[in-house]
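Chemist: Structure file model-v1.txt (compact mmCIF, C-alpha atoms) right here:
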```txt
# COMPACT_ATOMS: atom_id res chain seq x y z
CA MET A 418 166.71 -44.44 134.97
CA ASN A 419 169.72 -46.63 135.70
CA ARG A 420 171.24 -45.95 132.27
CA TYR A 421 170.56 -42.23 132.64
CA LEU A 422 172.42 -42.22 135.97
CA LYS A 423 175.30 -44.10 134.35
CA LEU A 424 175.53 -41.40 131.67
CA VAL A 425 175.54 -38.70 134.38
CA HIS A 426 178.29 -40.58 136.22
CA MET A 427 180.30 -40.81 133.00
CA GLU A 428 180.08 -37.04 132.42
CA ILE A 429 181.09 -36.30 136.00
CA HIS A 430 183.98 -38.75 135.77
CA ARG A 431 185.28 -37.07 132.60
CA PHE A 432 185.21 -33.60 134.19
CA ARG A 433 186.31 -34.50 137.72
CA TRP A 434 189.93 -33.33 137.49
CA ILE A 435 188.97 -29.97 136.00
CA LEU A 436 186.39 -29.52 138.76
CA ILE A 437 188.95 -30.41 141.44
CA ALA A 438 191.46 -28.02 139.86
CA MET A 439 188.90 -25.18 139.90
CA MET A 440 188.13 -25.85 143.55
CA GLY A 441 191.84 -25.96 144.37
CA ILE A 442 192.54 -22.66 142.59
CA THR A 443 189.55 -21.07 144.33
CA ALA A 444 190.77 -22.22 147.75
CA ILE A 445 194.35 -21.07 147.12
CA PHE A 446 193.28 -17.62 145.94
CA GLN A 447 190.78 -17.01 148.73
CA PHE A 448 192.88 -18.32 151.62
CA SER A 449 195.98 -16.55 150.34
CA GLY A 450 194.11 -13.25 150.05
CA LEU A 451 192.50 -13.67 153.47
CA ILE A 452 195.76 -14.51 155.25
CA TRP A 453 197.69 -11.73 153.48
CA THR A 454 195.01 -9.17 154.41
CA LEU A 455 194.89 -10.30 158.04
CA LYS A 456 198.69 -10.34 158.36
CA LYS A 457 198.86 -6.84 156.92
CA ALA A 458 196.24 -5.64 159.40
CA MET A 459 198.09 -7.28 162.30
CA ALA A 460 201.33 -5.61 161.20
CA GLN A 461 199.58 -2.24 161.28
CA PHE A 462 198.27 -3.00 164.77
CA GLU A 463 201.79 -3.80 165.93
CA GLU A 464 203.23 -0.65 164.33
CA GLN A 465 200.53 1.47 165.93
CA LYS A 466 201.22 -0.15 169.29
CA ILE A 467 204.94 0.61 169.02
CA GLN A 468 204.59 4.20 167.77
CA GLY A 469 201.77 5.18 170.07
CA SER A 470 198.18 6.36 169.68
CA ASP A 471 199.22 9.51 167.79
CA THR A 472 199.71 7.41 164.68
CA ARG A 473 196.09 6.22 164.62
CA LYS A 474 195.27 8.60 161.76
CA TYR A 475 197.60 6.65 159.47
CA PHE A 476 195.62 3.42 159.91
CA ASP A 477 192.06 4.47 159.10
CA SER A 478 191.64 1.44 156.84
CA VAL A 479 191.92 -0.91 159.82
CA PRO A 480 189.15 -0.79 162.47
CA ASP A 481 189.69 -1.14 166.21
CA THR A 482 188.65 -4.78 166.03
CA LEU A 483 188.70 -7.08 163.02
CA THR A 484 185.62 -8.96 161.87
CA PHE A 485 185.04 -11.63 159.27
CA GLU A 486 182.80 -9.14 157.50
CA TRP A 487 185.67 -6.62 157.29
CA ALA A 488 188.00 -9.34 155.97
CA MET A 489 185.53 -10.29 153.22
CA SER A 490 185.11 -6.64 152.26
CA ASN A 491 188.88 -6.21 151.86
CA THR A 492 189.49 -9.40 149.86
CA GLN A 493 186.99 -8.74 147.06
CA MET A 494 189.36 -9.34 144.15
CA TRP A 495 190.78 -12.51 145.71
CA PHE A 496 187.24 -13.92 145.61
CA ILE A 497 186.06 -12.42 142.31
CA LEU A 498 188.97 -13.71 140.18
CA PRO A 499 188.53 -17.45 140.93
CA VAL A 500 184.75 -17.12 140.64
CA LEU A 501 185.15 -15.54 137.19
CA LEU A 502 187.58 -18.31 136.26
CA CYS A 503 185.03 -20.98 137.26
CA ILE A 504 182.30 -19.21 135.29
CA ALA A 505 184.55 -18.98 132.22
CA VAL A 506 185.55 -22.65 132.39
CA LEU A 507 181.96 -23.86 132.83
CA SER A 508 180.77 -21.57 130.03
CA LEU A 509 183.34 -23.06 127.64
CA TYR A 510 182.44 -26.55 128.81
CA VAL A 511 178.84 -25.99 127.68
CA PHE A 512 180.24 -26.27 124.14
CA PHE A 513 183.05 -28.69 124.87
CA ILE A 514 180.74 -31.24 126.54
CA TRP A 515 179.21 -31.85 123.08
CA TYR A 516 182.02 -31.09 120.65
CA ARG A 517 184.47 -33.28 122.58
CA ASP A 518 182.36 -36.30 121.63
CA TRP A 519 182.82 -35.48 117.94
CA MET A 520 186.57 -34.88 118.23
CA GLY A 521 189.27 -37.40 117.55
CA ARG A 522 189.76 -40.04 114.92
CA HIS A 523 187.16 -42.41 116.35
CA THR A 524 184.30 -40.11 117.33
CA PHE A 525 182.91 -41.06 120.73
CA ILE A 526 179.45 -39.66 119.95
CA TYR A 527 178.63 -42.65 117.74
CA ARG A 528 179.39 -45.03 120.56
CA LEU A 529 177.10 -43.02 122.83
CA LEU A 530 174.29 -43.00 120.28
CA MET A 531 174.54 -46.77 119.90
CA LEU A 532 174.00 -47.40 123.60
CA PRO A 533 170.82 -49.39 124.38
CA THR A 534 169.02 -46.42 125.91
CA ALA A 535 166.76 -43.58 124.79
CA ARG A 536 168.85 -40.85 123.18
CA HIS A 537 167.15 -38.10 125.15
CA ASN A 538 168.93 -39.54 128.21
CA LEU A 539 172.18 -38.30 126.69
CA PHE A 540 170.78 -34.77 126.43
CA LEU A 541 169.41 -34.86 129.99
CA ALA A 542 172.58 -36.40 131.41
CA LYS A 543 174.75 -33.59 130.05
CA ILE A 544 172.55 -30.81 131.46
CA THR A 545 172.32 -32.67 134.78
CA ALA A 546 176.10 -32.99 134.96
CA LEU A 547 176.58 -29.27 134.29
CA LEU A 548 174.07 -28.40 137.01
CA LEU A 549 175.91 -30.66 139.44
CA PHE A 550 179.20 -28.95 138.57
CA VAL A 551 177.72 -25.52 139.29
CA LEU A 552 176.10 -26.65 142.53
CA SER A 553 179.36 -28.30 143.58
CA ILE A 554 181.20 -24.98 143.20
CA VAL A 555 178.49 -23.20 145.23
CA ALA A 556 178.53 -25.90 147.93
CA PHE A 557 182.34 -25.81 148.07
CA GLN A 558 182.23 -22.05 148.59
CA LEU A 559 179.71 -22.44 151.42
CA VAL A 560 181.87 -25.08 153.09
CA MET A 561 184.92 -22.83 152.87
CA LEU A 562 183.28 -19.90 154.68
CA PRO A 563 183.38 -21.41 158.20
CA VAL A 564 186.94 -22.63 157.53
CA GLN A 565 187.95 -19.11 156.48
CA GLU A 566 186.37 -17.73 159.63
CA LEU A 567 188.40 -20.25 161.63
CA VAL A 568 191.55 -18.97 159.89
CA LEU A 569 190.66 -15.45 161.00
CA LYS A 570 190.32 -16.66 164.59
CA LEU A 571 193.70 -18.40 164.40
CA VAL A 572 195.51 -15.36 162.98
CA VAL A 573 193.82 -12.58 164.97
CA PRO A 574 193.91 -12.64 168.79
CA ALA A 575 190.56 -12.70 170.60
CA GLU A 576 190.96 -9.15 171.95
CA LEU A 577 191.40 -7.78 168.42
CA ARG A 578 188.40 -9.41 166.76
CA SER A 579 184.62 -9.43 167.05
CA GLU A 580 181.90 -11.68 165.67
CA SER A 581 180.07 -11.23 162.35
CA HIS A 582 176.77 -12.57 161.06
CA ILE A 583 177.10 -14.91 158.10
CA VAL A 584 174.43 -13.00 156.12
CA ASP A 585 176.42 -9.77 156.49
CA VAL A 586 179.58 -11.59 155.46
CA ILE A 587 177.98 -12.79 152.21
CA ASN A 588 176.34 -9.44 151.45
CA ILE A 589 179.57 -7.46 151.83
CA ASN A 590 181.45 -9.53 149.24
CA GLN A 591 180.26 -9.00 145.67
CA ALA A 592 181.48 -12.41 144.49
CA LEU A 593 179.56 -14.19 147.25
CA VAL A 594 176.43 -12.13 146.58
CA GLU A 595 176.39 -13.27 142.96
CA LEU A 596 177.35 -16.86 143.74
CA ILE A 597 175.11 -17.34 146.80
CA PRO A 598 171.91 -15.27 146.47
CA ARG A 599 170.41 -14.31 149.81
CA GLN A 600 166.83 -15.36 149.03
CA PHE A 601 165.64 -18.64 147.54
CA GLU A 602 163.68 -16.76 144.86
CA GLN A 603 166.88 -15.06 143.70
CA PHE A 604 168.69 -18.40 143.70
CA PHE A 605 165.89 -19.88 141.60
CA TYR A 606 165.91 -16.94 139.15
CA ILE A 607 169.68 -16.86 138.62
CA TYR A 608 170.34 -20.57 138.33
CA GLY A 609 166.99 -21.34 136.71
CA LEU A 610 167.58 -18.79 133.95
CA GLY A 611 171.13 -20.07 133.57
CA THR A 612 169.81 -23.61 133.11
CA ILE A 613 167.35 -22.48 130.43
CA ALA A 614 170.14 -20.59 128.64
CA VAL A 615 172.26 -23.76 128.63
CA LEU A 616 169.33 -25.79 127.25
CA MET A 617 168.97 -23.26 124.43
CA LEU A 618 172.70 -23.49 123.65
CA PHE A 619 172.56 -27.29 123.70
CA THR A 620 169.79 -27.26 121.11
CA ALA A 621 171.66 -24.70 118.98
CA ILE A 622 174.77 -26.91 119.09
CA LEU A 623 172.75 -29.95 118.00
CA LEU A 624 171.25 -27.92 115.15
CA GLU A 625 174.77 -27.10 113.99
CA ARG A 626 175.83 -30.74 114.32
CA SER A 627 172.75 -31.92 112.43
CA TYR A 628 172.85 -29.47 109.52
CA GLN A 629 176.57 -28.56 109.44
CA ARG A 630 177.11 -25.12 107.80
CA MET A 631 173.43 -24.31 107.54
CA GLY A 632 173.10 -25.51 111.11
CA ILE A 633 175.12 -22.51 112.28
CA LEU A 634 172.47 -20.22 110.82
CA TYR A 635 169.67 -22.38 112.24
CA GLY A 636 171.30 -22.28 115.68
CA ILE A 637 171.66 -18.50 115.63
CA LEU A 638 168.07 -18.08 114.46
CA TYR A 639 166.85 -20.46 117.14
CA LEU A 640 168.65 -18.54 119.90
CA ALA A 641 167.36 -15.23 118.54
CA GLY A 642 163.83 -16.65 118.38
CA CYS A 643 163.99 -17.85 121.99
CA VAL A 644 165.20 -14.47 123.20
CA LEU A 645 162.48 -12.72 121.18
CA VAL A 646 159.77 -14.99 122.62
CA VAL A 647 160.85 -14.33 126.20
CA ALA A 648 161.26 -10.58 125.64
CA ALA A 649 157.96 -10.24 123.74
CA PRO A 650 155.80 -9.33 126.79
CA PHE A 651 158.15 -6.50 127.76
CA LEU A 652 158.37 -5.24 124.18
CA TYR A 653 154.66 -5.53 123.46
CA PHE A 654 153.11 -4.35 126.72
CA GLY A 655 155.86 -1.81 127.23
CA LEU A 656 155.00 -0.15 123.92
CA ASP A 657 151.23 -0.28 124.20
CA SER A 658 149.72 -1.62 127.43
CA SER A 659 146.25 -0.32 126.55
CA ILE A 660 145.51 -3.21 124.16
CA ILE A 661 145.62 -5.94 126.80
CA PRO A 662 146.30 -4.23 130.13
CA LEU A 663 148.18 -6.42 132.57
CA TYR A 664 149.53 -5.81 136.04
CA PRO A 665 153.31 -6.11 136.53
CA MET A 666 152.83 -9.39 138.42
CA GLU A 667 150.76 -10.80 135.54
CA ILE A 668 153.48 -9.83 133.05
CA TYR A 669 156.03 -11.48 135.33
CA VAL A 670 154.01 -14.72 135.43
CA LEU A 671 153.62 -14.60 131.63
CA VAL A 672 157.38 -14.23 131.16
CA LEU A 673 157.98 -17.09 133.59
CA LEU A 674 155.61 -19.32 131.61
CA LEU A 675 157.41 -18.38 128.39
CA PHE A 676 160.71 -19.39 129.97
CA PHE A 677 159.25 -22.80 130.77
CA VAL A 678 157.95 -23.06 127.21
CA VAL A 679 161.40 -22.25 125.80
CA ALA A 680 162.97 -24.82 128.13
CA GLY A 681 160.44 -27.48 127.11
CA VAL A 682 160.87 -26.77 123.39
CA SER A 683 164.66 -26.86 123.74
CA VAL A 684 164.60 -30.26 125.45
CA TRP A 685 162.07 -31.64 122.92
CA LEU A 686 163.90 -30.32 119.86
CA GLY A 687 167.33 -31.35 121.13
CA SER A 688 166.09 -34.85 121.94
CA ARG A 689 164.39 -35.13 118.54
CA LEU A 690 167.56 -34.08 116.72
CA LEU A 691 169.52 -36.74 118.59
CA ALA A 692 166.89 -39.39 117.86
CA LYS A 693 165.98 -38.58 114.25
CA LYS A 694 168.59 -36.37 112.59
CA ILE A 695 171.95 -37.53 113.92
CA THR A 696 172.48 -41.08 112.61
CA VAL A 697 175.26 -43.63 112.96
```
How would this structure read if it were set down as C-alpha cells?
Modeler:
Amino acid sequence: MNRYLKLVHMEIHRFRWILIAMMGITAIFQFSGLIWTLKKAMAQFEEQKIQGSDTRKYFDSVPDTLTFEWAMSNTQMWFILPVLLCIAVLSLYVFFIWYRDWMGRHTFIYRLLMLPTARHNLFLAKITALLLFVLSIVAFQLVMLPVQELVLKLVVPAELRSESHIVDVININQALVELIPRQFEQFFYIYGLGTIAVLMLFTAILLERSYQRMGILYGILYLAGCVLVVAAPFLYFGLDSSIIPLYPMEIYVLVLLLFFVVAGVSVWLGSRLLAKKITV
C-alpha cells in the first residue's frame, strides 16, 4: 500500500503545474465574466436612473433586483469554455500519462517496471491520480461558488440584489449542471462511467504498447468489444423482449453488472499485460 501511494504521489507531482494552470484559467474566466456582467448590469441601472422610468423597456434583460442565479444564467459561456478546456486536457492526459513514460532517450517506463512493487500498482496509481485530478477540479468549482457570490455582494448594493438558493444557481448554469450533478446517483453514473471508459482506454493503450502495430488493431477491437458487451442488453431485448422478458429496472441492473465486468476485465488484462507482456 505504501508503494502504491508513492506512485500516486509521483503522478500527482508530475501533473501539479498543469492542474494549477487549469484551475487558474478557470478562475480567471469565471470571475472576469461575472464581474463584467455585473458591471454591465450596474451601468444599465445607473443609465435608467438618470433617464427616468420611461426607459425601462430598453433594459428588459436586467431584472429589478440582481440574484446570483441571474448572474450564473448570464455568464454561461464564461463557465463552459474553461470546463471544456479542463475536459480536453484531462482527456489528452489519459493517453499522455502512459506514452510520456515511453518518450525520451531513456524511457522512464523501464525504471517504473523495475521498482520493487507489484506492477498492477502502476496501473491503479495512474487511474487513481486521474480520478483525483477530476475531483480536484469539481471541488475547486464548488469552493469558488461562495466566493463568486461574495463578489456579487461586493459589486451590487444590497438594495439592488436578492438571495438565491445554491441548487437553483447550479441548475441554471449548464456547465455547473454537467460538472456537479444534483443527485448522488447522477454523480455516480457520470463519473463512474467515465472511470470505466478510462480503464478501457488504459487497457487498449497497453495492448498497443505490448503488440506494437498489431496492438493498435487489438486495442480497437477490445474497445469495440467492451462497447458491444455493455450495449448488448439494449440491442437484444430491444429487438425481441419476448424471448427473456425483463422489466426496465432488471435491464438496468444487468447493464450495471456488465459495466462492472468490463471494469474488472480491463483492470485484470491491463495488469497482466504489465506483468507478463511488457518486459525490461
Chemist: Could you please determine the separation between CA of Glu486 in chain A and CA of Glu464 in chain A in Å, to one decimal place?
Modeler: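 Computing it gives 23.2 Å between the two atoms.
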Chemist: For the atom pair CA of Phe677 in chain A and CA of Asp518 in chain A, what is the interatomic distance in Å to one decimal place?
Modeler: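 Atom-to-atom, CA of Phe677 in chain A to CA of Asp518 in chain A, that is 28.3 Å.
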Chemist: Can you work out the spacing between CA of Leu483 in chain A and CA of Arg578 in chain A in Å, to one decimal?
Modeler: 4.4 Å
Chemist: Would you mind listing what lies within 10 Å of range 431-445 of chain A as a VMD selection string, with only C-alpha atoms counted and same-chain residues fewer than 2 positions away left out?
Modeler: chain A and resid 426 to 429 447 to 451 495 to 500 502 to 503 506 to 507 510 514 546 to 547 550 to 551 553 to 554 557 to 558 561 565
Chemist: Using only C-alpha atoms, give me every residue within 12 Å of (166.4, -34.1, 112.5) in file coordinates, as number ranges by chain.
Modeler: A: 620, 623-629, 632, 685-696
Chemist: Residues near range 567-575 of chain A, anyone? I mean within 12 Å using all atoms listed in the file, not counting same-chain ones fewer than 4 positions away, as a PDB file with C-alpha atoms, in the coordinates of the input.
Modeler:
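For reference, around05.pdb as written:
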```pdb
ATOM      1  CA  GLN A 447     190.780 -17.010 148.730  1.00  0.00           C
ATOM      2  CA  PHE A 448     192.880 -18.320 151.620  1.00  0.00           C
ATOM      3  CA  SER A 449     195.980 -16.550 150.340  1.00  0.00           C
ATOM      4  CA  GLY A 450     194.110 -13.250 150.050  1.00  0.00           C
ATOM      5  CA  LEU A 451     192.500 -13.670 153.470  1.00  0.00           C
ATOM      6  CA  ILE A 452     195.760 -14.510 155.250  1.00  0.00           C
ATOM      7  CA  TRP A 453     197.690 -11.730 153.480  1.00  0.00           C
ATOM      8  CA  THR A 454     195.010  -9.170 154.410  1.00  0.00           C
ATOM      9  CA  LEU A 455     194.890 -10.300 158.040  1.00  0.00           C
ATOM     10  CA  LYS A 456     198.690 -10.340 158.360  1.00  0.00           C
ATOM     11  CA  LYS A 457     198.860  -6.840 156.920  1.00  0.00           C
ATOM     12  CA  ALA A 458     196.240  -5.640 159.400  1.00  0.00           C
ATOM     13  CA  MET A 459     198.090  -7.280 162.300  1.00  0.00           C
ATOM     14  CA  ALA A 460     201.330  -5.610 161.200  1.00  0.00           C
ATOM     15  CA  PHE A 462     198.270  -3.000 164.770  1.00  0.00           C
ATOM     16  CA  GLU A 463     201.790  -3.800 165.930  1.00  0.00           C
ATOM     17  CA  THR A 482     188.650  -4.780 166.030  1.00  0.00           C
ATOM     18  CA  LEU A 483     188.700  -7.080 163.020  1.00  0.00           C
ATOM     19  CA  THR A 484     185.620  -8.960 161.870  1.00  0.00           C
ATOM     20  CA  PHE A 485     185.040 -11.630 159.270  1.00  0.00           C
ATOM     21  CA  GLU A 486     182.800  -9.140 157.500  1.00  0.00           C
ATOM     22  CA  TRP A 487     185.670  -6.620 157.290  1.00  0.00           C
ATOM     23  CA  ALA A 488     188.000  -9.340 155.970  1.00  0.00           C
ATOM     24  CA  MET A 489     185.530 -10.290 153.220  1.00  0.00           C
ATOM     25  CA  VAL A 560     181.870 -25.080 153.090  1.00  0.00           C
ATOM     26  CA  MET A 561     184.920 -22.830 152.870  1.00  0.00           C
ATOM     27  CA  LEU A 562     183.280 -19.900 154.680  1.00  0.00           C
ATOM     28  CA  PRO A 563     183.380 -21.410 158.200  1.00  0.00           C
ATOM     29  CA  SER A 579     184.620  -9.430 167.050  1.00  0.00           C
ATOM     30  CA  GLU A 580     181.900 -11.680 165.670  1.00  0.00           C
ATOM     31  CA  SER A 581     180.070 -11.230 162.350  1.00  0.00           C
TER      32      SER A 581
END
```
Chemist: Restricting the calculation to only C-alpha atoms: of A:Leu549, A:Ile467, A:Ile622, A:Val586, which residue gets closest to Gly636 in chain A?
Modeler: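 Residue with the minimum atom-to-atom distance to Gly636 in chain A: A:Ile622.
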Chemist: Restricting the calculation to all atoms listed in the file, which member of A:Leu673, A:Ile668, A:Leu422, A:Leu530 is positioned closest to Leu610 in chain A?
Modeler: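 Of A:Leu673, A:Ile668, A:Leu422, A:Leu530, the one nearest Leu610 in chain A, counting all atoms listed in the file, is A:Leu673.
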Chemist: Using all atoms listed in the file, which protein or nucleic acid residues come within 8 Å of range 678-680 of chain A? Drop anything in the same chain fewer than 2 positions from it, and give the result as a list of chain:residue names.
Modeler: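 Near range 678-680 of chain A, the qualifying residues are A:Ile613, A:Leu616, A:Met617, A:Cys643, A:Val647, A:Leu674, A:Leu675, A:Phe676, A:Val682, A:Ser683, A:Val684.
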Chemist: Dump as a list in words all residues having an atom at most 10 Å from (168.4, -42.6, 127.5), computed in the file's coordinates with all atoms listed in the file.
Modeler: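 The distance filter leaves exactly Met418, Asn419, Arg420, Tyr421, Leu422, Lys423, Leu424, Leu529, Leu530, Leu532, Pro533, Thr534, Ala535, Arg536, His537, Asn538, Leu539, Phe540, Leu541, Ala542 and Ser688 of chain A.
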Chemist: Next, write the just-selected residues to a file, as a tab-separated table (two decimals), keeping the file's coordinate frame, keeping C-alpha atoms as the atom set.
Modeler:
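Result file is out_27.tsv:
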```tsv
chain	number	residue	atom	x	y	z
A	418	MET	CA	166.71	-44.44	134.97
A	419	ASN	CA	169.72	-46.63	135.70
A	420	ARG	CA	171.24	-45.95	132.27
A	421	TYR	CA	170.56	-42.23	132.64
A	422	LEU	CA	172.42	-42.22	135.97
A	423	LYS	CA	175.30	-44.10	134.35
A	424	LEU	CA	175.53	-41.40	131.67
A	529	LEU	CA	177.10	-43.02	122.83
A	530	LEU	CA	174.29	-43.00	120.28
A	532	LEU	CA	174.00	-47.40	123.60
A	533	PRO	CA	170.82	-49.39	124.38
A	534	THR	CA	169.02	-46.42	125.91
A	535	ALA	CA	166.76	-43.58	124.79
A	536	ARG	CA	168.85	-40.85	123.18
A	537	HIS	CA	167.15	-38.10	125.15
A	538	ASN	CA	168.93	-39.54	128.21
A	539	LEU	CA	172.18	-38.30	126.69
A	540	PHE	CA	170.78	-34.77	126.43
A	541	LEU	CA	169.41	-34.86	129.99
A	542	ALA	CA	172.58	-36.40	131.41
A	688	SER	CA	166.09	-34.85	121.94
```
